[in-house]
Amino acid sequence: MESYSKILAPSLLAGDHGNLAEGIRLMDDSGIEWVHLDIMDGHFVPNLSFGPQTLAALRPRTKLFFDTHLMLDNPHKYIEAFAKAGSDLISIHVEPDYPIAETLKRIRELGCKNGIVLNPKTPVASLLPFLPDVDLVLVMSVQPGFGGQSFQKHTIEKMRQIHDWRKQHGYRFRLEVDGGITRDNIASCAQAGVDTFVAGTSFFKDKDPAAFTRFVKTL
Ligand code: DX5
Ligand code: ZN
């Protein structure tokens, strides 16, 4: 099984929404490779963040990999817009009722990598039909909608289960965690098999984001 380099993917949701380009610059200056972009519709999650126009405005300013997390009830209606805006990867949730398999396939046809996401309370078995056809699995360690929440420890078991399935079947997807990740709990996620770590609040509040970035590479 391919073992993936460990990547810290800071969430721009935790940046200064009055100057998002500043958050991108901090990531570039800290040696970050991926930026995690949290997209919210006020329906699937009780919050709104930013849309394709914001991504399109940020795209020419950076070479960062745009890891786009769609927390939308109808993601299939928006994947073209986010692909066109410059997403490199688009991840969609398993919970809402829409043609998931078809949407995952369409994301790849649009030239992006695809990902499937599940919330803390969603049984990990719900992912099984999609695992052979995804480039990334995202385990939410908080209930999506807001940054700054506390890490839900019980989700570590789900990360481990997904990692076991990945090893058993030789799947090649990256395993990502999102929500309440800090320097103190990130190693326990890495031990469960996670290789890609979303950190919003802890990245922007860190006294040395570049050192945090380097630390993650050593996990
Ligand atoms: C929740 C968001 C947050 C964000 C990370 O919908 O997806 O999890 O990315 O925020 P922190 O790191 O502040 O929990
Ligand atoms: Zn996210």
# chains A, B, ... in the order shown; residues from 1 in each chain; ligands from 1
call {"tool": "select_by_dssp", "arguments": {"residues": "range 161-190 of chain A", "states": "alpha helix (DSSP H)", "output": "ChimeraX atom specification"}}
result
/A:161-169,186-190
call {"tool": "write_last_selection", "arguments": {"atoms": "N, CA, C and O atoms", "output": "CSV table (one decimal), in the first residue's frame"}}
result
chain,number,residue,atom,x,y,z
A,161,GLN,N,-10.4,2.3,11.4
A,161,GLN,CA,-11.2,1.3,10.6
A,161,GLN,C,-11.0,1.6,9.1
A,161,GLN,O,-10.7,0.7,8.3
A,162,ILE,N,-11.0,2.8,8.7
A,162,ILE,CA,-10.9,3.2,7.3
A,162,ILE,C,-9.4,2.8,6.8
A,162,ILE,O,-9.2,2.3,5.7
A,163,HIS,N,-8.5,3.1,7.7
A,163,HIS,CA,-7.1,2.8,7.4
A,163,HIS,C,-6.9,1.3,7.2
A,163,HIS,O,-6.2,0.8,6.2
A,164,ASP,N,-7.6,0.5,8.0
A,164,ASP,CA,-7.5,-1.0,7.9
A,164,ASP,C,-8.1,-1.4,6.6
A,164,ASP,O,-7.5,-2.2,5.8
A,165,TRP,N,-9.2,-0.9,6.2
A,165,TRP,CA,-9.8,-1.2,4.9
A,165,TRP,C,-8.9,-0.8,3.8
A,165,TRP,O,-8.7,-1.5,2.8
A,166,ARG,N,-8.2,0.3,3.9
A,166,ARG,CA,-7.3,0.8,2.9
A,166,ARG,C,-6.2,-0.2,2.7
A,166,ARG,O,-5.8,-0.6,1.6
A,167,LYS,N,-5.6,-0.7,3.8
A,167,LYS,CA,-4.5,-1.7,3.8
A,167,LYS,C,-5.0,-3.0,3.2
A,167,LYS,O,-4.4,-3.6,2.3
A,168,GLN,N,-6.2,-3.5,3.7
A,168,GLN,CA,-6.7,-4.8,3.2
A,168,GLN,C,-6.9,-4.8,1.7
A,168,GLN,O,-6.6,-5.8,1.1
A,169,HIS,N,-7.5,-3.7,1.2
A,169,HIS,CA,-7.9,-3.7,-0.2
A,169,HIS,C,-6.9,-3.0,-1.1
A,169,HIS,O,-7.1,-2.9,-2.3
A,186,ILE,N,-2.8,15.6,17.2
A,186,ILE,CA,-2.5,15.2,15.8
A,186,ILE,C,-1.8,13.9,15.7
A,186,ILE,O,-2.1,13.1,14.8
A,187,ALA,N,-0.9,13.6,16.7
A,187,ALA,CA,-0.1,12.3,16.6
A,187,ALA,C,-1.1,11.1,16.8
A,187,ALA,O,-0.9,10.1,16.1
A,188,SER,N,-2.1,11.3,17.6
A,188,SER,CA,-3.0,10.1,17.8
A,188,SER,C,-3.8,9.8,16.5
A,188,SER,O,-4.1,8.7,16.2
A,189,CYS,N,-4.0,10.9,15.7
A,189,CYS,CA,-4.7,10.7,14.4
A,189,CYS,C,-3.7,10.0,13.4
A,189,CYS,O,-4.1,9.1,12.7
A,190,ALA,N,-2.5,10.4,13.5
A,190,ALA,CA,-1.4,9.8,12.6
A,190,ALA,C,-1.3,8.4,12.9
A,190,ALA,O,-1.2,7.5,12.0
call {"tool": "closest_atom_pairs", "arguments": {"of": "chain A", "to": "ligand 1", "cutoff": "7 Å", "atoms": "only C-alpha atoms and all ligand atoms", "output": "CSV"}}
result
residue,atom,partner,partner_atom_place_in_ligand_line,distance
A:Ser11,CA,ligand 1,9 (O),4.9
A:Leu13,CA,ligand 1,4 (C),6.2
A:Ala14,CA,ligand 1,13 (O),6.0
A:His36,CA,ligand 1,9 (O),6.9
A:Asp38,CA,ligand 1,7 (O),5.5
A:Val142,CA,ligand 1,8 (O),6.2
A:Gln143,CA,ligand 1,1 (C),6.7
A:Pro144,CA,ligand 1,6 (O),3.3
A:Gly145,CA,ligand 1,6 (O),3.6
A:Phe146,CA,ligand 1,1 (C),4.5
A:Gly147,CA,ligand 1,10 (O),3.6
A:Gly148,CA,ligand 1,13 (O),3.7
A:Gln149,CA,ligand 1,14 (O),5.1
A:Ser150,CA,ligand 1,14 (O),6.9
A:Asp178,CA,ligand 1,8 (O),4.9
A:Gly179,CA,ligand 1,8 (O),3.5
A:Gly180,CA,ligand 1,14 (O),3.6
A:Ile181,CA,ligand 1,12 (O),5.4
A:Val198,CA,ligand 1,5 (C),6.1
A:Ala199,CA,ligand 1,12 (O),3.9
A:Gly200,CA,ligand 1,12 (O),3.4
A:Thr201,CA,ligand 1,13 (O),3.7
A:Ser202,CA,ligand 1,12 (O),5.9
call {"tool": "write_last_selection", "arguments": {"atoms": "C-alpha atoms", "output": "PDB file, in the first residue's frame"}}
result
ATOM      1  CA  SER A  11      -8.455  25.708   6.840  1.00  0.00           C
ATOM      2  CA  LEU A  13     -12.172  29.354   7.378  1.00  0.00           C
ATOM      3  CA  ALA A  14     -10.059  30.315  10.405  1.00  0.00           C
ATOM      4  CA  HIS A  36      -8.411  23.446   2.993  1.00  0.00           C
ATOM      5  CA  ASP A  38     -14.587  24.986   3.782  1.00  0.00           C
ATOM      6  CA  VAL A 142     -16.288  17.834  14.834  1.00  0.00           C
ATOM      7  CA  GLN A 143     -19.867  18.415  13.699  1.00  0.00           C
ATOM      8  CA  PRO A 144     -19.287  20.571  10.587  1.00  0.00           C
ATOM      9  CA  GLY A 145     -20.277  24.220  10.421  1.00  0.00           C
ATOM     10  CA  PHE A 146     -17.856  26.099  12.622  1.00  0.00           C
ATOM     11  CA  GLY A 147     -14.141  26.252  13.337  1.00  0.00           C
ATOM     12  CA  GLY A 148     -12.815  26.365  16.879  1.00  0.00           C
ATOM     13  CA  GLN A 149     -14.718  23.314  18.188  1.00  0.00           C
ATOM     14  CA  SER A 150     -13.236  20.556  20.359  1.00  0.00           C
ATOM     15  CA  ASP A 178     -10.910  17.855   9.964  1.00  0.00           C
ATOM     16  CA  GLY A 179     -11.970  19.574  13.140  1.00  0.00           C
ATOM     17  CA  GLY A 180     -10.321  20.559  16.401  1.00  0.00           C
ATOM     18  CA  ILE A 181      -6.881  19.338  15.316  1.00  0.00           C
ATOM     19  CA  VAL A 198      -6.915  19.995   8.482  1.00  0.00           C
ATOM     20  CA  ALA A 199      -6.148  22.598  11.130  1.00  0.00           C
ATOM     21  CA  GLY A 200      -7.862  25.992  11.182  1.00  0.00           C
ATOM     22  CA  THR A 201      -7.749  27.656  14.585  1.00  0.00           C
ATOM     23  CA  SER A 202      -4.589  25.906  15.768  1.00  0.00           C
TER      24      SER A 202
END
call {"tool": "closest_residue", "arguments": {"among": "A:Arg174, A:Arg61, A:Arg108, A:Arg183", "to": "Asp208 in chain A", "atoms": "only C-alpha atoms"}}
result
A:Arg183
call {"tool": "closest_residue", "arguments": {"among": "A:Ala85, A:Phe203, A:Ile116, A:Ala57", "to": "Met27 in chain A", "atoms": "only C-alpha atoms"}}
result
A:Phe203
call {"tool": "residues_around", "arguments": {"residues": "Ile24 in chain A", "least_positions_apart": "5", "cutoff": "8 Å", "atoms": "only C-alpha atoms", "output": "ChimeraX atom specification"}}
result
/A:12,35,62
call {"tool": "write_last_selection", "arguments": {"atoms": "N, CA and C atoms", "output": "compact mmCIF listing (two decimals), in the first residue's frame"}}
result
# COMPACT_ATOMS: atom_id res chain seq x y z
N LEU A 12 -8.79 27.76 5.62
CA LEU A 12 -8.88 29.22 5.45
C LEU A 12 -10.09 29.79 6.19
N VAL A 35 -4.20 24.00 0.93
CA VAL A 35 -5.10 24.84 1.72
C VAL A 35 -6.47 24.16 1.70
N THR A 62 -1.59 31.93 -5.78
CA THR A 62 -0.85 30.88 -5.04
C THR A 62 -0.80 29.59 -5.85
call {"tool": "closest_residue", "arguments": {"among": "A:Phe44, A:Gly115, A:Phe66, A:Leu138", "to": "Asp97 in chain A", "atoms": "only C-alpha atoms"}}
result
A:Phe44
call {"tool": "select_by_dssp", "arguments": {"residues": "range 31-199 of chain A", "states": "strand (DSSP E)", "output": "PyMOL selection string"}}
result
chain A and resi 34-40+65-71+89-93+113-118+136-140+174-178+196-199
call {"tool": "residues_around", "arguments": {"residues": "Leu219 in chain A", "least_positions_apart": "4", "cutoff": "12 Å", "atoms": "only C-alpha atoms", "output": "PDB file with all heavy atoms, in the first residue's frame"}}
result
ATOM      1  N   TYR A   4       1.495   7.666   2.277  1.00  0.00           N
ATOM      2  CA  TYR A   4       1.487   9.061   1.840  1.00  0.00           C
ATOM      3  C   TYR A   4       2.299   9.952   2.774  1.00  0.00           C
ATOM      4  O   TYR A   4       2.319   9.715   3.980  1.00  0.00           O
ATOM      5  CB  TYR A   4       0.047   9.576   1.805  1.00  0.00           C
ATOM      6  CG  TYR A   4      -0.759   9.015   0.659  1.00  0.00           C
ATOM      7  CD1 TYR A   4      -1.717   8.035   0.856  1.00  0.00           C
ATOM      8  CD2 TYR A   4      -0.521   9.467  -0.639  1.00  0.00           C
ATOM      9  CE1 TYR A   4      -2.439   7.518  -0.215  1.00  0.00           C
ATOM     10  CE2 TYR A   4      -1.238   8.957  -1.709  1.00  0.00           C
ATOM     11  CZ  TYR A   4      -2.200   7.990  -1.494  1.00  0.00           C
ATOM     12  OH  TYR A   4      -2.897   7.477  -2.542  1.00  0.00           O
ATOM     13  N   SER A   5       2.914  10.957   2.192  1.00  0.00           N
ATOM     14  CA  SER A   5       3.603  11.969   3.025  1.00  0.00           C
ATOM     15  C   SER A   5       2.556  12.629   3.920  1.00  0.00           C
ATOM     16  O   SER A   5       1.368  12.719   3.561  1.00  0.00           O
ATOM     17  CB  SER A   5       4.219  13.020   2.107  1.00  0.00           C
ATOM     18  OG  SER A   5       3.183  13.588   1.302  1.00  0.00           O
ATOM     19  N   LYS A   6       2.976  13.061   5.096  1.00  0.00           N
ATOM     20  CA  LYS A   6       2.044  13.698   6.024  1.00  0.00           C
ATOM     21  C   LYS A   6       1.917  15.164   5.616  1.00  0.00           C
ATOM     22  O   LYS A   6       2.911  15.864   5.439  1.00  0.00           O
ATOM     23  CB  LYS A   6       2.592  13.590   7.458  1.00  0.00           C
ATOM     24  CG  LYS A   6       2.822  12.145   7.924  1.00  0.00           C
ATOM     25  CD  LYS A   6       1.535  11.415   8.123  1.00  0.00           C
ATOM     26  CE  LYS A   6       1.742  10.046   8.772  1.00  0.00           C
ATOM     27  NZ  LYS A   6       2.497   9.073   7.942  1.00  0.00           N
ATOM     28  N   ILE A   7       0.667  15.611   5.495  1.00  0.00           N
ATOM     29  CA  ILE A   7       0.408  16.978   5.020  1.00  0.00           C
ATOM     30  C   ILE A   7      -0.482  17.737   6.000  1.00  0.00           C
ATOM     31  O   ILE A   7      -1.523  17.217   6.417  1.00  0.00           O
ATOM     32  CB  ILE A   7      -0.284  16.928   3.638  1.00  0.00           C
ATOM     33  CG1 ILE A   7       0.696  16.469   2.553  1.00  0.00           C
ATOM     34  CG2 ILE A   7      -0.893  18.276   3.278  1.00  0.00           C
ATOM     35  CD1 ILE A   7       0.134  16.547   1.149  1.00  0.00           C
ATOM     36  N   LEU A   8      -0.082  18.953   6.327  1.00  0.00           N
ATOM     37  CA  LEU A   8      -0.929  19.850   7.110  1.00  0.00           C
ATOM     38  C   LEU A   8      -1.687  20.732   6.120  1.00  0.00           C
ATOM     39  O   LEU A   8      -1.068  21.394   5.284  1.00  0.00           O
ATOM     40  CB  LEU A   8      -0.073  20.718   8.037  1.00  0.00           C
ATOM     41  CG  LEU A   8      -0.800  21.730   8.912  1.00  0.00           C
ATOM     42  CD1 LEU A   8      -1.793  21.056   9.862  1.00  0.00           C
ATOM     43  CD2 LEU A   8       0.204  22.558   9.727  1.00  0.00           C
ATOM     44  N   ARG A 183      -1.642  20.562  17.889  1.00  0.00           N
ATOM     45  CA  ARG A 183      -0.349  19.892  18.042  1.00  0.00           C
ATOM     46  C   ARG A 183      -0.479  18.718  19.030  1.00  0.00           C
ATOM     47  O   ARG A 183       0.261  17.749  18.939  1.00  0.00           O
ATOM     48  CB  ARG A 183       0.691  20.868  18.593  1.00  0.00           C
ATOM     49  CG  ARG A 183       1.317  21.814  17.558  1.00  0.00           C
ATOM     50  CD  ARG A 183       2.250  22.780  18.258  1.00  0.00           C
ATOM     51  NE  ARG A 183       2.885  23.763  17.397  1.00  0.00           N
ATOM     52  CZ  ARG A 183       4.164  23.699  16.973  1.00  0.00           C
ATOM     53  NH1 ARG A 183       4.896  22.645  17.277  1.00  0.00           N
ATOM     54  NH2 ARG A 183       4.700  24.655  16.228  1.00  0.00           N
ATOM     55  N   ASN A 185      -3.229  16.657  19.639  1.00  0.00           N
ATOM     56  CA  ASN A 185      -3.997  15.441  19.291  1.00  0.00           C
ATOM     57  C   ASN A 185      -3.644  14.908  17.900  1.00  0.00           C
ATOM     58  O   ASN A 185      -4.122  13.861  17.483  1.00  0.00           O
ATOM     59  CB  ASN A 185      -5.507  15.693  19.394  1.00  0.00           C
ATOM     60  CG  ASN A 185      -5.971  16.835  18.506  1.00  0.00           C
ATOM     61  OD1 ASN A 185      -5.427  17.040  17.417  1.00  0.00           O
ATOM     62  ND2 ASN A 185      -6.962  17.583  18.963  1.00  0.00           N
ATOM     63  N   ILE A 186      -2.801  15.615  17.172  1.00  0.00           N
ATOM     64  CA  ILE A 186      -2.519  15.223  15.775  1.00  0.00           C
ATOM     65  C   ILE A 186      -1.781  13.888  15.691  1.00  0.00           C
ATOM     66  O   ILE A 186      -2.059  13.077  14.795  1.00  0.00           O
ATOM     67  CB  ILE A 186      -1.763  16.373  15.059  1.00  0.00           C
ATOM     68  CG1 ILE A 186      -1.811  16.204  13.535  1.00  0.00           C
ATOM     69  CG2 ILE A 186      -0.341  16.507  15.567  1.00  0.00           C
ATOM     70  CD1 ILE A 186      -1.403  17.454  12.783  1.00  0.00           C
ATOM     71  N   ALA A 187      -0.899  13.610  16.653  1.00  0.00           N
ATOM     72  CA  ALA A 187      -0.126  12.347  16.600  1.00  0.00           C
ATOM     73  C   ALA A 187      -1.052  11.145  16.765  1.00  0.00           C
ATOM     74  O   ALA A 187      -0.863  10.107  16.096  1.00  0.00           O
ATOM     75  CB  ALA A 187       0.956  12.350  17.667  1.00  0.00           C
ATOM     76  N   SER A 188      -2.101  11.279  17.577  1.00  0.00           N
ATOM     77  CA  SER A 188      -3.011  10.128  17.776  1.00  0.00           C
ATOM     78  C   SER A 188      -3.788   9.843  16.489  1.00  0.00           C
ATOM     79  O   SER A 188      -4.093   8.695  16.176  1.00  0.00           O
ATOM     80  CB  SER A 188      -3.981  10.404  18.928  1.00  0.00           C
ATOM     81  OG  SER A 188      -4.618  11.647  18.728  1.00  0.00           O
ATOM     82  N   CYS A 189      -4.038  10.876  15.703  1.00  0.00           N
ATOM     83  CA  CYS A 189      -4.709  10.663  14.397  1.00  0.00           C
ATOM     84  C   CYS A 189      -3.724  10.003  13.421  1.00  0.00           C
ATOM     85  O   CYS A 189      -4.082   9.087  12.681  1.00  0.00           O
ATOM     86  CB  CYS A 189      -5.187  11.990  13.827  1.00  0.00           C
ATOM     87  SG  CYS A 189      -6.432  12.812  14.843  1.00  0.00           S
ATOM     88  N   ALA A 190      -2.468  10.438  13.460  1.00  0.00           N
ATOM     89  CA  ALA A 190      -1.445   9.847  12.572  1.00  0.00           C
ATOM     90  C   ALA A 190      -1.260   8.365  12.903  1.00  0.00           C
ATOM     91  O   ALA A 190      -1.171   7.518  12.015  1.00  0.00           O
ATOM     92  CB  ALA A 190      -0.125  10.603  12.711  1.00  0.00           C
ATOM     93  N   GLN A 191      -1.264   8.042  14.210  1.00  0.00           N
ATOM     94  CA  GLN A 191      -1.107   6.628  14.599  1.00  0.00           C
ATOM     95  C   GLN A 191      -2.304   5.783  14.111  1.00  0.00           C
ATOM     96  O   GLN A 191      -2.162   4.589  13.849  1.00  0.00           O
ATOM     97  CB  GLN A 191      -1.003   6.498  16.135  1.00  0.00           C
ATOM     98  CG  GLN A 191       0.441   6.672  16.654  1.00  0.00           C
ATOM     99  CD  GLN A 191       0.484   7.484  17.954  1.00  0.00           C
ATOM    100  OE1 GLN A 191      -0.469   7.418  18.755  1.00  0.00           O
ATOM    101  NE2 GLN A 191       1.548   8.254  18.139  1.00  0.00           N
ATOM    102  N   ALA A 192      -3.463   6.422  13.948  1.00  0.00           N
ATOM    103  CA  ALA A 192      -4.652   5.691  13.457  1.00  0.00           C
ATOM    104  C   ALA A 192      -4.643   5.583  11.933  1.00  0.00           C
ATOM    105  O   ALA A 192      -5.563   5.003  11.341  1.00  0.00           O
ATOM    106  CB  ALA A 192      -5.914   6.405  13.928  1.00  0.00           C
ATOM    107  N   GLY A 193      -3.615   6.187  11.291  1.00  0.00           N
ATOM    108  CA  GLY A 193      -3.482   6.032   9.840  1.00  0.00           C
ATOM    109  C   GLY A 193      -3.738   7.292   9.038  1.00  0.00           C
ATOM    110  O   GLY A 193      -3.640   7.288   7.805  1.00  0.00           O
ATOM    111  N   VAL A 194      -4.051   8.400   9.714  1.00  0.00           N
ATOM    112  CA  VAL A 194      -4.317   9.645   8.979  1.00  0.00           C
ATOM    113  C   VAL A 194      -3.012  10.201   8.409  1.00  0.00           C
ATOM    114  O   VAL A 194      -1.959  10.134   9.041  1.00  0.00           O
ATOM    115  CB  VAL A 194      -4.978  10.693   9.902  1.00  0.00           C
ATOM    116  CG1 VAL A 194      -5.192  12.016   9.178  1.00  0.00           C
ATOM    117  CG2 VAL A 194      -6.314  10.151  10.428  1.00  0.00           C
ATOM    118  N   ASP A 195      -3.080  10.740   7.170  1.00  0.00           N
ATOM    119  CA  ASP A 195      -1.874  11.328   6.556  1.00  0.00           C
ATOM    120  C   ASP A 195      -2.082  12.802   6.177  1.00  0.00           C
ATOM    121  O   ASP A 195      -1.126  13.497   5.846  1.00  0.00           O
ATOM    122  CB  ASP A 195      -1.478  10.527   5.301  1.00  0.00           C
ATOM    123  CG  ASP A 195      -2.687  10.177   4.435  1.00  0.00           C
ATOM    124  OD1 ASP A 195      -3.331  11.106   3.898  1.00  0.00           O
ATOM    125  OD2 ASP A 195      -3.032   8.978   4.351  1.00  0.00           O
ATOM    126  N   THR A 196      -3.338  13.269   6.267  1.00  0.00           N
ATOM    127  CA  THR A 196      -3.641  14.637   5.841  1.00  0.00           C
ATOM    128  C   THR A 196      -4.494  15.302   6.923  1.00  0.00           C
ATOM    129  O   THR A 196      -5.544  14.763   7.308  1.00  0.00           O
ATOM    130  CB  THR A 196      -4.400  14.609   4.499  1.00  0.00           C
ATOM    131  OG1 THR A 196      -3.697  13.726   3.586  1.00  0.00           O
ATOM    132  CG2 THR A 196      -4.481  15.989   3.850  1.00  0.00           C
ATOM    133  N   PHE A 197      -4.004  16.435   7.450  1.00  0.00           N
ATOM    134  CA  PHE A 197      -4.588  17.002   8.667  1.00  0.00           C
ATOM    135  C   PHE A 197      -5.076  18.431   8.418  1.00  0.00           C
ATOM    136  O   PHE A 197      -4.259  19.304   8.086  1.00  0.00           O
ATOM    137  CB  PHE A 197      -3.532  17.016   9.777  1.00  0.00           C
ATOM    138  CG  PHE A 197      -2.850  15.680   9.985  1.00  0.00           C
ATOM    139  CD1 PHE A 197      -1.731  15.333   9.216  1.00  0.00           C
ATOM    140  CD2 PHE A 197      -3.344  14.762  10.890  1.00  0.00           C
ATOM    141  CE1 PHE A 197      -1.102  14.104   9.384  1.00  0.00           C
ATOM    142  CE2 PHE A 197      -2.720  13.528  11.061  1.00  0.00           C
ATOM    143  CZ  PHE A 197      -1.598  13.196  10.306  1.00  0.00           C
ATOM    144  N   PHE A 212       5.186  24.253  12.930  1.00  0.00           N
ATOM    145  CA  PHE A 212       4.049  23.314  12.989  1.00  0.00           C
ATOM    146  C   PHE A 212       4.011  22.495  11.687  1.00  0.00           C
ATOM    147  O   PHE A 212       3.847  21.271  11.693  1.00  0.00           O
ATOM    148  CB  PHE A 212       2.765  24.115  13.207  1.00  0.00           C
ATOM    149  CG  PHE A 212       1.520  23.307  13.511  1.00  0.00           C
ATOM    150  CD1 PHE A 212       1.563  21.940  13.777  1.00  0.00           C
ATOM    151  CD2 PHE A 212       0.288  23.935  13.534  1.00  0.00           C
ATOM    152  CE1 PHE A 212       0.407  21.219  14.054  1.00  0.00           C
ATOM    153  CE2 PHE A 212      -0.893  23.232  13.821  1.00  0.00           C
ATOM    154  CZ  PHE A 212      -0.819  21.859  14.068  1.00  0.00           C
ATOM    155  N   THR A 213       4.205  23.180  10.578  1.00  0.00           N
ATOM    156  CA  THR A 213       4.200  22.516   9.270  1.00  0.00           C
ATOM    157  C   THR A 213       5.302  21.453   9.201  1.00  0.00           C
ATOM    158  O   THR A 213       5.060  20.317   8.770  1.00  0.00           O
ATOM    159  CB  THR A 213       4.414  23.570   8.159  1.00  0.00           C
ATOM    160  OG1 THR A 213       3.497  24.653   8.348  1.00  0.00           O
ATOM    161  CG2 THR A 213       4.232  22.983   6.767  1.00  0.00           C
ATOM    162  N   ARG A 214       6.492  21.823   9.653  1.00  0.00           N
ATOM    163  CA  ARG A 214       7.622  20.875   9.631  1.00  0.00           C
ATOM    164  C   ARG A 214       7.363  19.699  10.575  1.00  0.00           C
ATOM    165  O   ARG A 214       7.608  18.536  10.244  1.00  0.00           O
ATOM    166  CB  ARG A 214       8.927  21.597  10.018  1.00  0.00           C
ATOM    167  CG  ARG A 214       9.460  22.552   8.970  1.00  0.00           C
ATOM    168  CD  ARG A 214      10.902  22.973   9.262  1.00  0.00           C
ATOM    169  NE  ARG A 214      11.027  23.643  10.568  1.00  0.00           N
ATOM    170  CZ  ARG A 214      10.811  24.961  10.748  1.00  0.00           C
ATOM    171  NH1 ARG A 214      10.441  25.706   9.710  1.00  0.00           N
ATOM    172  NH2 ARG A 214      10.943  25.513  11.940  1.00  0.00           N
ATOM    173  N   PHE A 215       6.767  20.011  11.742  1.00  0.00           N
ATOM    174  CA  PHE A 215       6.480  18.954  12.738  1.00  0.00           C
ATOM    175  C   PHE A 215       5.555  17.892  12.134  1.00  0.00           C
ATOM    176  O   PHE A 215       5.773  16.690  12.283  1.00  0.00           O
ATOM    177  CB  PHE A 215       5.838  19.607  13.974  1.00  0.00           C
ATOM    178  CG  PHE A 215       5.124  18.645  14.887  1.00  0.00           C
ATOM    179  CD1 PHE A 215       5.820  17.615  15.530  1.00  0.00           C
ATOM    180  CD2 PHE A 215       3.748  18.737  15.095  1.00  0.00           C
ATOM    181  CE1 PHE A 215       5.156  16.716  16.374  1.00  0.00           C
ATOM    182  CE2 PHE A 215       3.079  17.849  15.926  1.00  0.00           C
ATOM    183  CZ  PHE A 215       3.771  16.823  16.550  1.00  0.00           C
TER     184      PHE A 215
END
call {"tool": "residues_around", "arguments": {"residues": "Asn119 in chain A", "least_positions_apart": "5", "cutoff": "12 Å", "atoms": "only C-alpha atoms", "output": "VMD selection string"}}
result
chain A and resid 44 to 45 71 92 to 96 124 126 to 127 137 to 145 152 154 to 155 158 to 159 177 to 179
call {"tool": "closest_residue", "arguments": {"among": "A:Leu58, A:Leu131, A:Ile79, A:Leu37", "to": "ligand 2", "atoms": "only C-alpha atoms and all ligand atoms"}}
result
A:Leu37
call {"tool": "atom_distance", "arguments": {"atom1": "CA of Thr218 in chain A", "atom2": "CA of Lys63 in chain A"}}
result
22.9 Å
